[in-house]
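Colleague: If it helps, the file is called input37.pdb and holds PDB, C-alpha atoms (C1' of nucleotides):
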```pdb
MODEL        1
ATOM      1  CA  MET I   1       5.422 -33.919  -0.415
ATOM      2  CA  ARG I   2       6.814 -30.447  -1.050
ATOM      3  CA  ILE I   3       4.982 -28.385  -3.680
ATOM      4  CA  VAL I   4       5.982 -24.911  -4.896
ATOM      5  CA  THR I   5       4.371 -22.317  -7.141
ATOM      6  CA  TRP I   6       6.476 -19.535  -8.649
ATOM      7  CA  ASN I   7       5.916 -16.935 -11.338
ATOM      8  CA  VAL I   8       9.500 -16.647 -12.606
ATOM      9  CA  ASN I   9       8.957 -13.826 -15.143
ATOM     10  CA  SER I  10      10.932 -15.562 -17.919
ATOM     11  CA  VAL I  11      12.503 -18.930 -17.142
ATOM     12  CA  ARG I  12      15.505 -18.167 -19.338
ATOM     13  CA  GLN I  13      16.229 -14.912 -17.482
ATOM     14  CA  ARG I  14      15.712 -16.681 -14.163
ATOM     15  CA  LEU I  15      17.472 -20.002 -14.789
ATOM     16  CA  GLU I  16      20.244 -19.360 -12.253
ATOM     17  CA  HIS I  17      17.671 -18.486  -9.595
ATOM     18  CA  LEU I  18      15.555 -21.526 -10.420
ATOM     19  CA  VAL I  19      18.527 -23.872 -10.147
ATOM     20  CA  ARG I  20      19.647 -22.248  -6.893
ATOM     21  CA  TYR I  21      16.144 -22.518  -5.461
ATOM     22  CA  LEU I  22      15.701 -26.163  -6.489
ATOM     23  CA  ARG I  23      19.020 -27.046  -4.857
ATOM     24  CA  GLU I  24      18.248 -25.282  -1.582
ATOM     25  CA  THR I  25      14.573 -26.296  -1.262
ATOM     26  CA  GLU I  26      14.428 -29.682  -3.013
ATOM     27  CA  PRO I  27      10.723 -29.589  -3.837
ATOM     28  CA  ASP I  28       8.950 -32.661  -5.230
ATOM     29  CA  VAL I  29       6.784 -30.576  -7.560
ATOM     30  CA  VAL I  30       7.208 -27.048  -8.929
ATOM     31  CA  CYS I  31       4.524 -25.079 -10.757
ATOM     32  CA  LEU I  32       6.002 -22.316 -12.895
ATOM     33  CA  GLN I  33       4.220 -19.397 -14.551
ATOM     34  CA  GLU I  34       5.303 -16.812 -17.103
ATOM     35  CA  ILE I  35       8.046 -18.953 -18.568
ATOM     36  CA  LYS I  36       7.775 -16.613 -21.594
ATOM     37  CA  CYS I  37       9.103 -19.050 -24.164
ATOM     38  CA  VAL I  38       8.040 -21.828 -26.487
ATOM     39  CA  ASP I  39       8.449 -25.433 -25.319
ATOM     40  CA  GLU I  40      11.611 -25.946 -27.401
ATOM     41  CA  ALA I  41      13.323 -22.974 -25.710
ATOM     42  CA  PHE I  42      12.743 -24.161 -22.132
ATOM     43  CA  PRO I  43      16.094 -24.937 -20.413
ATOM     44  CA  ARG I  44      15.080 -28.560 -20.062
ATOM     45  CA  LEU I  45      18.506 -30.161 -19.773
ATOM     46  CA  GLU I  46      19.558 -27.953 -16.863
ATOM     47  CA  ILE I  47      16.419 -28.873 -14.910
ATOM     48  CA  GLU I  48      16.507 -32.548 -15.822
ATOM     49  CA  ALA I  49      20.098 -32.648 -14.573
ATOM     50  CA  LEU I  50      18.715 -31.882 -11.104
ATOM     51  CA  GLY I  51      16.471 -34.942 -11.266
ATOM     52  CA  TYR I  52      13.226 -33.412 -12.494
ATOM     53  CA  ASN I  53      10.748 -34.458 -15.128
ATOM     54  CA  VAL I  54       9.750 -31.380 -17.128
ATOM     55  CA  GLU I  55       6.366 -30.733 -18.719
ATOM     56  CA  THR I  56       5.789 -27.383 -20.404
ATOM     57  CA  HIS I  57       2.928 -25.523 -22.023
ATOM     58  CA  GLY I  58       4.681 -22.541 -23.536
ATOM     59  CA  GLN I  59       4.080 -19.894 -26.149
ATOM     60  CA  LYS I  60       6.098 -17.200 -27.839
ATOM     61  CA  THR I  61       6.849 -13.998 -25.880
ATOM     62  CA  PHE I  62       4.155 -14.123 -23.203
ATOM     63  CA  ASN I  63       2.537 -16.373 -20.618
ATOM     64  CA  GLY I  64       3.550 -20.037 -20.549
ATOM     65  CA  VAL I  65       3.351 -22.507 -17.658
ATOM     66  CA  ALA I  66       5.247 -25.627 -16.634
ATOM     67  CA  ILE I  67       5.314 -28.380 -14.034
ATOM     68  CA  LEU I  68       8.534 -29.928 -12.748
ATOM     69  CA  SER I  69       8.315 -33.177 -10.804
ATOM     70  CA  LYS I  70      10.819 -35.529  -9.267
ATOM     71  CA  ARG I  71       8.504 -38.365 -10.249
ATOM     72  CA  PRO I  72       6.984 -39.074 -13.673
ATOM     73  CA  ILE I  73       3.820 -37.155 -14.468
ATOM     74  CA  GLU I  74       0.680 -37.606 -16.534
ATOM     75  CA  THR I  75       0.001 -34.221 -18.064
ATOM     76  CA  GLN I  76      -2.851 -32.260 -19.633
ATOM     77  CA  ARG I  77      -2.481 -28.853 -21.240
ATOM     78  CA  GLY I  78      -5.005 -26.040 -21.422
ATOM     79  CA  LEU I  79      -8.032 -25.142 -19.318
ATOM     80  CA  PRO I  80     -11.234 -26.777 -20.634
ATOM     81  CA  GLY I  81     -14.147 -24.629 -21.712
ATOM     82  CA  ASP I  82     -12.873 -22.579 -24.670
ATOM     83  CA  GLU I  83     -11.304 -24.310 -27.658
ATOM     84  CA  ALA I  84     -10.466 -20.916 -29.179
ATOM     85  CA  ASP I  85      -8.309 -19.787 -26.250
ATOM     86  CA  ALA I  86      -4.742 -19.647 -27.604
ATOM     87  CA  GLN I  87      -3.048 -18.357 -24.427
ATOM     88  CA  ALA I  88      -0.859 -20.881 -22.550
ATOM     89  CA  ARG I  89      -2.046 -20.416 -18.985
ATOM     90  CA  TYR I  90      -2.887 -23.862 -17.602
ATOM     91  CA  ILE I  91      -1.159 -27.211 -17.203
ATOM     92  CA  GLU I  92      -2.238 -30.059 -14.951
ATOM     93  CA  ALA I  93      -0.453 -33.230 -13.886
ATOM     94  CA  VAL I  94      -0.864 -36.287 -11.706
ATOM     95  CA  THR I  95       2.265 -37.298  -9.855
ATOM     96  CA  THR I  96       3.581 -38.918  -6.685
ATOM     97  CA  ASP I  97       6.258 -38.352  -4.087
ATOM     98  CA  ALA I  98       9.032 -40.768  -3.124
ATOM     99  CA  GLN I  99       6.605 -42.599  -0.804
ATOM    100  CA  GLY I 100       4.168 -43.134  -3.659
ATOM    101  CA  ARG I 101       1.534 -40.717  -2.386
ATOM    102  CA  VAL I 102      -0.463 -39.330  -5.297
ATOM    103  CA  ALA I 103      -1.419 -35.719  -5.988
ATOM    104  CA  ARG I 104      -3.057 -33.904  -8.869
ATOM    105  CA  VAL I 105      -1.419 -30.504  -9.316
ATOM    106  CA  ALA I 106      -2.276 -27.603 -11.634
ATOM    107  CA  SER I 107      -0.038 -24.691 -12.606
ATOM    108  CA  ILE I 108      -2.266 -21.696 -13.357
ATOM    109  CA  TYR I 109      -1.434 -18.273 -14.784
ATOM    110  CA  LEU I 110      -4.693 -16.423 -14.423
ATOM    111  CA  PRO I 111      -5.033 -13.342 -16.647
ATOM    112  CA  ASN I 112      -4.117  -9.953 -15.189
ATOM    113  CA  GLY I 113      -7.226  -8.338 -16.693
ATOM    114  CA  ASN I 114      -6.151  -4.697 -16.675
ATOM    115  CA  PRO I 115      -7.425  -2.287 -17.618
ATOM    116  CA  ALA I 116     -10.861  -3.041 -16.194
ATOM    117  CA  GLY I 117     -13.789  -2.466 -18.514
ATOM    118  CA  THR I 118     -11.973  -3.844 -21.550
ATOM    119  CA  GLU I 119     -11.960  -7.186 -23.334
ATOM    120  CA  LYS I 120      -8.963  -8.075 -21.177
ATOM    121  CA  TYR I 121     -11.073  -7.918 -18.058
ATOM    122  CA  ALA I 122     -13.874  -9.882 -19.721
ATOM    123  CA  TYR I 123     -11.306 -12.561 -20.614
ATOM    124  CA  LYS I 124     -10.122 -12.698 -17.008
ATOM    125  CA  LEU I 125     -13.655 -13.188 -15.676
ATOM    126  CA  ALA I 126     -14.437 -15.812 -18.328
ATOM    127  CA  PHE I 127     -11.214 -17.649 -17.463
ATOM    128  CA  MET I 128     -12.210 -17.627 -13.801
ATOM    129  CA  ASP I 129     -15.637 -19.024 -14.691
ATOM    130  CA  ARG I 130     -13.950 -21.823 -16.647
ATOM    131  CA  LEU I 131     -11.612 -22.497 -13.710
ATOM    132  CA  ILE I 132     -14.585 -22.731 -11.325
ATOM    133  CA  ARG I 133     -16.312 -25.268 -13.613
ATOM    134  CA  HIS I 134     -13.146 -27.317 -13.993
ATOM    135  CA  ALA I 135     -12.402 -27.250 -10.264
ATOM    136  CA  ARG I 136     -15.917 -28.501  -9.575
ATOM    137  CA  ASP I 137     -15.299 -31.442 -11.919
ATOM    138  CA  LEU I 138     -11.921 -32.211 -10.318
ATOM    139  CA  LEU I 139     -13.265 -32.008  -6.764
ATOM    140  CA  ALA I 140     -15.773 -34.730  -7.617
ATOM    141  CA  HIS I 141     -12.819 -37.139  -7.775
ATOM    142  CA  GLU I 142     -12.295 -36.668  -4.019
ATOM    143  CA  GLU I 143      -8.520 -36.865  -4.332
ATOM    144  CA  THR I 144      -5.509 -34.816  -3.274
ATOM    145  CA  LEU I 145      -5.737 -31.777  -5.537
ATOM    146  CA  VAL I 146      -3.590 -28.625  -5.497
ATOM    147  CA  LEU I 147      -4.594 -25.707  -7.716
ATOM    148  CA  ALA I 148      -1.472 -23.573  -7.619
ATOM    149  CA  GLY I 149      -0.388 -20.483  -9.434
ATOM    150  CA  ASP I 150      -0.400 -16.779 -10.062
ATOM    151  CA  TYR I 151      -4.104 -15.999  -9.664
ATOM    152  CA  ASN I 152      -3.704 -12.249 -10.152
ATOM    153  CA  VAL I 153      -6.270 -11.905  -7.371
ATOM    154  CA  ILE I 154      -5.843  -9.981  -4.102
ATOM    155  CA  PRO I 155      -8.437 -11.866  -2.043
ATOM    156  CA  THR I 156      -8.944  -9.307   0.764
ATOM    157  CA  ALA I 157      -7.630  -5.952   1.974
ATOM    158  CA  LEU I 158      -5.344  -7.853   4.356
ATOM    159  CA  ASP I 159      -3.489  -9.117   1.289
ATOM    160  CA  ALA I 160      -2.142  -5.712   0.222
ATOM    161  CA  LYS I 161       0.126  -3.268   1.998
ATOM    162  CA  ARG I 162      -1.853  -0.405   0.440
ATOM    163  CA  PRO I 163      -5.317  -1.735  -0.469
ATOM    164  CA  GLU I 164      -6.482   1.789  -1.270
ATOM    165  CA  ASP I 165      -4.136   1.779  -4.296
ATOM    166  CA  TRP I 166      -5.879  -1.257  -5.787
ATOM    167  CA  LEU I 167      -9.568  -0.320  -5.588
ATOM    168  CA  GLY I 168     -10.062   0.111  -9.333
ATOM    169  CA  ASP I 169      -7.594  -2.569 -10.351
ATOM    170  CA  ALA I 170      -8.565  -5.835 -12.043
ATOM    171  CA  LEU I 171      -6.708  -7.722  -9.272
ATOM    172  CA  PHE I 172      -8.974  -6.334  -6.548
ATOM    173  CA  LEU I 173     -12.307  -5.370  -8.134
ATOM    174  CA  PRO I 174     -15.405  -6.820  -6.447
ATOM    175  CA  GLN I 175     -16.238  -9.048  -9.444
ATOM    176  CA  THR I 176     -12.729 -10.527  -9.350
ATOM    177  CA  ARG I 177     -12.853 -11.218  -5.639
ATOM    178  CA  GLU I 178     -16.394 -12.605  -5.874
ATOM    179  CA  ARG I 179     -15.257 -15.188  -8.395
ATOM    180  CA  PHE I 180     -12.251 -16.091  -6.284
ATOM    181  CA  ARG I 181     -14.568 -16.652  -3.300
ATOM    182  CA  GLU I 182     -16.869 -18.712  -5.500
ATOM    183  CA  LEU I 183     -13.889 -20.904  -6.389
ATOM    184  CA  VAL I 184     -12.731 -21.289  -2.786
ATOM    185  CA  ASN I 185     -16.294 -21.908  -1.637
ATOM    186  CA  LEU I 186     -16.485 -25.033  -3.762
ATOM    187  CA  GLY I 187     -14.626 -26.542  -0.809
ATOM    188  CA  LEU I 188     -11.029 -25.468  -1.369
ATOM    189  CA  THR I 189      -8.605 -24.287   1.313
ATOM    190  CA  ASP I 190      -6.273 -21.314   0.765
ATOM    191  CA  ALA I 191      -3.087 -22.938   2.114
ATOM    192  CA  LEU I 192      -1.424 -19.791   3.474
ATOM    193  CA  ARG I 193      -4.644 -18.697   5.142
ATOM    194  CA  ALA I 194      -4.936 -22.132   6.763
ATOM    195  CA  VAL I 195      -1.750 -21.457   8.713
ATOM    196  CA  SER I 196      -2.216 -17.733   9.452
ATOM    197  CA  ASN I 197      -4.929 -15.082   9.543
ATOM    198  CA  GLU I 198      -2.374 -12.286   9.721
ATOM    199  CA  GLY I 199      -1.976  -9.605   7.071
ATOM    200  CA  GLY I 200       1.376  -8.539   5.701
ATOM    201  CA  VAL I 201       2.106 -11.797   3.874
ATOM    202  CA  TYR I 202       2.920 -10.918   0.276
ATOM    203  CA  THR I 203       4.113 -12.816  -2.806
ATOM    204  CA  PHE I 204       4.642  -9.956  -5.281
ATOM    205  CA  TRP I 205       6.451  -6.636  -5.107
ATOM    206  CA  ASP I 206       6.486  -4.356  -8.137
ATOM    207  CA  TYR I 207       9.857  -3.544  -9.698
ATOM    208  CA  GLN I 208       8.945   0.140  -9.634
ATOM    209  CA  ALA I 209       9.007   2.885  -7.036
ATOM    210  CA  GLY I 210      10.991   0.908  -4.466
ATOM    211  CA  ALA I 211       8.076  -1.404  -3.697
ATOM    212  CA  TRP I 212      10.347  -4.144  -2.328
ATOM    213  CA  GLN I 213      12.326  -1.751  -0.116
ATOM    214  CA  LYS I 214       9.046  -0.367   1.290
ATOM    215  CA  ASN I 215       7.491  -3.847   1.567
ATOM    216  CA  ASN I 216       4.690  -2.505  -0.624
ATOM    217  CA  GLY I 217       3.524  -5.954  -1.671
ATOM    218  CA  ILE I 218       0.418  -7.956  -2.519
ATOM    219  CA  ARG I 219      -0.533 -11.610  -2.048
ATOM    220  CA  ILE I 220      -1.637 -12.935  -5.440
ATOM    221  CA  ASP I 221       0.073 -16.342  -5.734
ATOM    222  CA  HIS I 222      -2.035 -19.034  -4.114
ATOM    223  CA  LEU I 223      -2.241 -22.767  -3.502
ATOM    224  CA  LEU I 224      -5.838 -23.939  -3.187
ATOM    225  CA  LEU I 225      -6.308 -27.386  -1.669
ATOM    226  CA  SER I 226      -9.053 -29.983  -1.943
ATOM    227  CA  PRO I 227     -10.283 -31.361   1.409
ATOM    228  CA  GLU I 228      -8.100 -34.422   0.912
ATOM    229  CA  ALA I 229      -5.059 -32.188   0.326
ATOM    230  CA  ALA I 230      -5.929 -29.871   3.233
ATOM    231  CA  ASP I 231      -6.024 -32.873   5.563
ATOM    232  CA  ARG I 232      -2.400 -33.525   4.608
ATOM    233  CA  LEU I 233      -1.190 -29.914   5.028
ATOM    234  CA  VAL I 234       1.633 -29.487   7.546
ATOM    235  CA  GLU I 235       3.270 -26.245   6.372
ATOM    236  CA  ALA I 236       2.672 -23.289   4.072
ATOM    237  CA  THR I 237       5.171 -20.491   3.623
ATOM    238  CA  VAL I 238       6.422 -17.749   1.347
ATOM    239  CA  ASP I 239      10.084 -17.951   0.362
ATOM    240  CA  LYS I 240      10.424 -14.182   0.555
ATOM    241  CA  HIS I 241      14.226 -14.092   0.631
ATOM    242  CA  VAL I 242      14.312 -14.927  -3.087
ATOM    243  CA  ARG I 243      13.053 -11.393  -3.853
ATOM    244  CA  GLY I 244      16.333 -10.088  -2.429
ATOM    245  CA  TRP I 245      18.515 -11.981  -4.900
ATOM    246  CA  ASP I 246      20.221 -10.140  -7.768
ATOM    247  CA  LYS I 247      17.835  -9.462 -10.696
ATOM    248  CA  PRO I 248      14.874 -11.325  -9.183
ATOM    249  CA  SER I 249      11.428 -12.098 -10.487
ATOM    250  CA  ASP I 250       8.809  -9.717  -9.136
ATOM    251  CA  HIS I 251       7.079 -12.792  -7.621
ATOM    252  CA  VAL I 252       8.567 -15.171  -5.024
ATOM    253  CA  PRO I 253       7.990 -18.907  -4.561
ATOM    254  CA  VAL I 254       5.160 -20.083  -2.310
ATOM    255  CA  ARG I 255       5.652 -23.529  -0.806
ATOM    256  CA  ILE I 256       3.558 -26.133   0.989
ATOM    257  CA  GLU I 257       4.363 -29.431   2.647
ATOM    258  CA  LEU I 258       1.844 -32.270   2.517
ATOM    259  CA  LYS I 259       2.310 -35.299   4.745
TER     260      LYS I 259
ATOM    261  C1'  DA Y   1      -0.602  13.614 -10.749
ATOM    262  C1'  DT Y   2       3.012  11.096 -12.633
ATOM    263  C1'  DG Y   3       6.499   7.936 -13.111
ATOM    264  C1'  DG Y   4       9.093   4.672 -11.512
ATOM    265  C1'  DC Y   5      11.067  -1.291 -13.763
ATOM    266  C1'  DG Y   6      11.806  -5.356 -16.486
ATOM    267  C1'  DA Y   7      11.079  -8.774 -20.371
ATOM    268  C1'  DT Y   8      10.272  -9.744 -25.330
ATOM    269  C1'  DA Y   9      10.239  -8.886 -30.165
ATOM    270  C1'  DT Y  10      12.676  -7.251 -35.216
ATOM    271  C1'  DA Y  11      13.909  -3.498 -31.988
ATOM    272  C1'  DC Y  12      16.489   2.631 -31.319
ATOM    273  C1'  DT Y  13      10.091   1.795 -29.973
ATOM    274  C1'  DA Y  14       5.913  -0.734 -28.633
ATOM    275  C1'  DT Y  15       3.475  -3.984 -25.832
ATOM    276  C1'  DC Y  16       2.603  -6.394 -21.694
ATOM    277  C1'  DG Y  17       2.646  -6.964 -16.936
ATOM    278  C1'  DA Y  18       0.531  -5.784 -11.762
TER     279       DA Y  18
ENDMDL
END
```
Output the structure of this file as structure tokens.

Modeller:
Amino acid sequence: MRIVTWNVNSVRQRLEHLVRYLRETEPDVVCLQEIKCVDEAFPRLEIEALGYNVETHGQKTFNGVAILSKRPIETQRGLPGDEADAQARYIEAVTTDAQGRVARVASIYLPNGNPAGTEKYAYKLAFMDRLIRHARDLLAHEETLVLAGDYNVIPTALDAKRPEDWLGDALFLPQTRERFRELVNLGLTDALRAVSNEGGVYTFWDYQAGAWQKNNGIRIDHLLLSPEAADRLVEATVDKHVRGWDKPSDHVPVRIELK
DNA sequence: ATGGCGATATACTATCGA
């Protein structure tokens, strides 16, 4: 079962790239973030034509998440824990692969949180607390679970080309990283870290200041696996070449293979 | 020390992102 997470930075701007990527990679499940459109504006027909079921949780202008699946999916929208939260940042689905193996998959767009010390950072930390509570509930099911998405968290200094640039940033502050560790320490496995302890593996390069050309990247897109999912892990990789395409997203797809 | 880039909205500028 091939599962991908990708912050596309507007699905309408990136439709050609998404179609090209789906054709070349043929994933079973794709978690998208920052679709930046309402549900009605999602290019559904183009994706369905490639054999995918499409479930979206969009909003106007900002944010928005979606899950594409070759097989039908049971879907829930929104992260529990705050009925007043109007931002579309979480969608969760149960699906299968062609062999009928089941997985629960979430597409998460965790808040950026900058600048630190503002209500934006408080919202990020509260969202992470809600995610920890929800993950604890889901882990109790003892099933194949993949929490995938743009976490906007640089877990360690190994995950940035220039960690010194990020010391005061909401993506790297101690409180942010503490909560990420608290989440992982519930019993989740960081899929990329399960296959390599090396630094220099990035998933985001800023559009500005030649970050891509200098490989000045950070690793902020993650797939966290329940023990049952980790037991099935056979591959985890970053599809870095996509960043070199014409007019790319600033994030690239991250992909895992579960047996 | 600063800006640099890109997307969206009602848009010749502001906001957001990371």

Colleague: Could you tell me which residues the PyMOL selection byres ((chain I) within 9 of (chain Y)) grabs in this file, written as JSON, numbers by chain?

Modeller: {"I": [9, 10, 13, 36, 60, 61, 62, 112, 114, 152, 169, 171, 204, 205, 206, 207, 208, 209, 210]}

Colleague: Extending 6 Å beyond the listed atoms of stretch 7-15 of chain Y on each side, what axis-aligned box results? I want centre and edge lengths in Å to one decimal, as JSON.

Modeller:
```
{"center_x": 10.0, "center_y": -3.6, "center_z": -27.8, "size_x": 25.0, "size_y": 24.4, "size_z": 26.8}
```

Colleague: Would you list the contacts of stretch 17-32 of chain I as a ChimeraX atom specification, taking every protein, DNA or RNA residue within 6 Å and counting only C-alpha atoms (C1' of nucleotides), but skipping same-chain residues closer than 4 positions in sequence?

Modeller: /I:2-7,65-70,107

Colleague: Can you pull out every residue within 9 Å of stretch 132-140 of chain I, counting all atoms listed in the file, but drop anything in the same chain fewer than 6 positions away, and send it as a list in words?

Modeller: Leu79, Pro80, Gly81, Leu147, Arg179, Phe180, Glu182, Leu183, Val184, Leu186, Gly187, Leu188, Ser226 and Pro227 of chain I

Colleague: For the atom pair atom CA of I:Leu110 and atom CA of I:Arg193, what is the interatomic distance in Å to one decimal place?

Modeller: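 Those two atoms sit 19.7 Å apart.
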
Colleague: Run the PyMOL selection byres ((chain I and resi 212) around 12) mentally over the shown coordinates, then write out the matched residues as a compact mmCIF listing (two decimals) with C-alpha atoms (C1' of nucleotides), keeping the file's coordinate frame, using the chain letters and numbers from the document.

Modeller:
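The file below, part14.txt, is the result:
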```txt
# COMPACT_ATOMS: atom_id res chain seq x y z
CA LYS I 161 0.13 -3.27 2.00
CA TYR I 202 2.92 -10.92 0.28
CA THR I 203 4.11 -12.82 -2.81
CA PHE I 204 4.64 -9.96 -5.28
CA TRP I 205 6.45 -6.64 -5.11
CA ASP I 206 6.49 -4.36 -8.14
CA TYR I 207 9.86 -3.54 -9.70
CA GLN I 208 8.94 0.14 -9.63
CA ALA I 209 9.01 2.88 -7.04
CA GLY I 210 10.99 0.91 -4.47
CA ALA I 211 8.08 -1.40 -3.70
CA GLN I 213 12.33 -1.75 -0.12
CA LYS I 214 9.05 -0.37 1.29
CA ASN I 215 7.49 -3.85 1.57
CA ASN I 216 4.69 -2.50 -0.62
CA GLY I 217 3.52 -5.95 -1.67
CA ILE I 218 0.42 -7.96 -2.52
CA LYS I 240 10.42 -14.18 0.56
CA HIS I 241 14.23 -14.09 0.63
CA VAL I 242 14.31 -14.93 -3.09
CA ARG I 243 13.05 -11.39 -3.85
CA GLY I 244 16.33 -10.09 -2.43
CA TRP I 245 18.52 -11.98 -4.90
CA PRO I 248 14.87 -11.32 -9.18
CA SER I 249 11.43 -12.10 -10.49
CA ASP I 250 8.81 -9.72 -9.14
CA HIS I 251 7.08 -12.79 -7.62
CA VAL I 252 8.57 -15.17 -5.02
C1' DC Y 5 11.07 -1.29 -13.76
```

Colleague: By how many Å are atom CA of I:Gln59 and atom CA of I:Thr118 apart?

Modeller: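 A separation of 23.2 Å between them.
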
Colleague: Counting only C-alpha atoms (C1' of nucleotides), what is within 9 Å of I:Thr176, bar same-chain residues fewer than 4 positions away, as a list in words?

Modeller: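 These residues fall inside the cut-off: Lys124, Leu125, Met128, Val153, Ile154, Pro155, Ala170, Leu171, Phe172, Phe180 and Arg181 of chain I.
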
Colleague: Expand the PyMOL selection byres ((chain I and resi 74) around 6) into the explicit residue set it covers here, and present it as a list of chain:residue names.

Modeller: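 On this input, the PyMOL selection byres ((chain I and resi 74) around 6) captures I:Ile73, I:Thr75, I:Ala93, I:Val94.
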
Colleague: Produce a file of the selected residues containing C-alpha atoms, as a PDB file, in the frame of the given file.

Modeller:
```
ATOM      1  CA  ILE I  73       3.820 -37.155 -14.468  1.00  0.00           C
ATOM      2  CA  THR I  75       0.001 -34.221 -18.064  1.00  0.00           C
ATOM      3  CA  ALA I  93      -0.453 -33.230 -13.886  1.00  0.00           C
ATOM      4  CA  VAL I  94      -0.864 -36.287 -11.706  1.00  0.00           C
TER       5      VAL I  94
END
```

Colleague: What does the structure give for the distance between atom CA of I:Leu15 and atom CA of I:Gln33, in Å to one decimal?

Modeller: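 Taking atom CA of I:Leu15 as the start and atom CA of I:Gln33 as the end point, the length is 13.3 Å.
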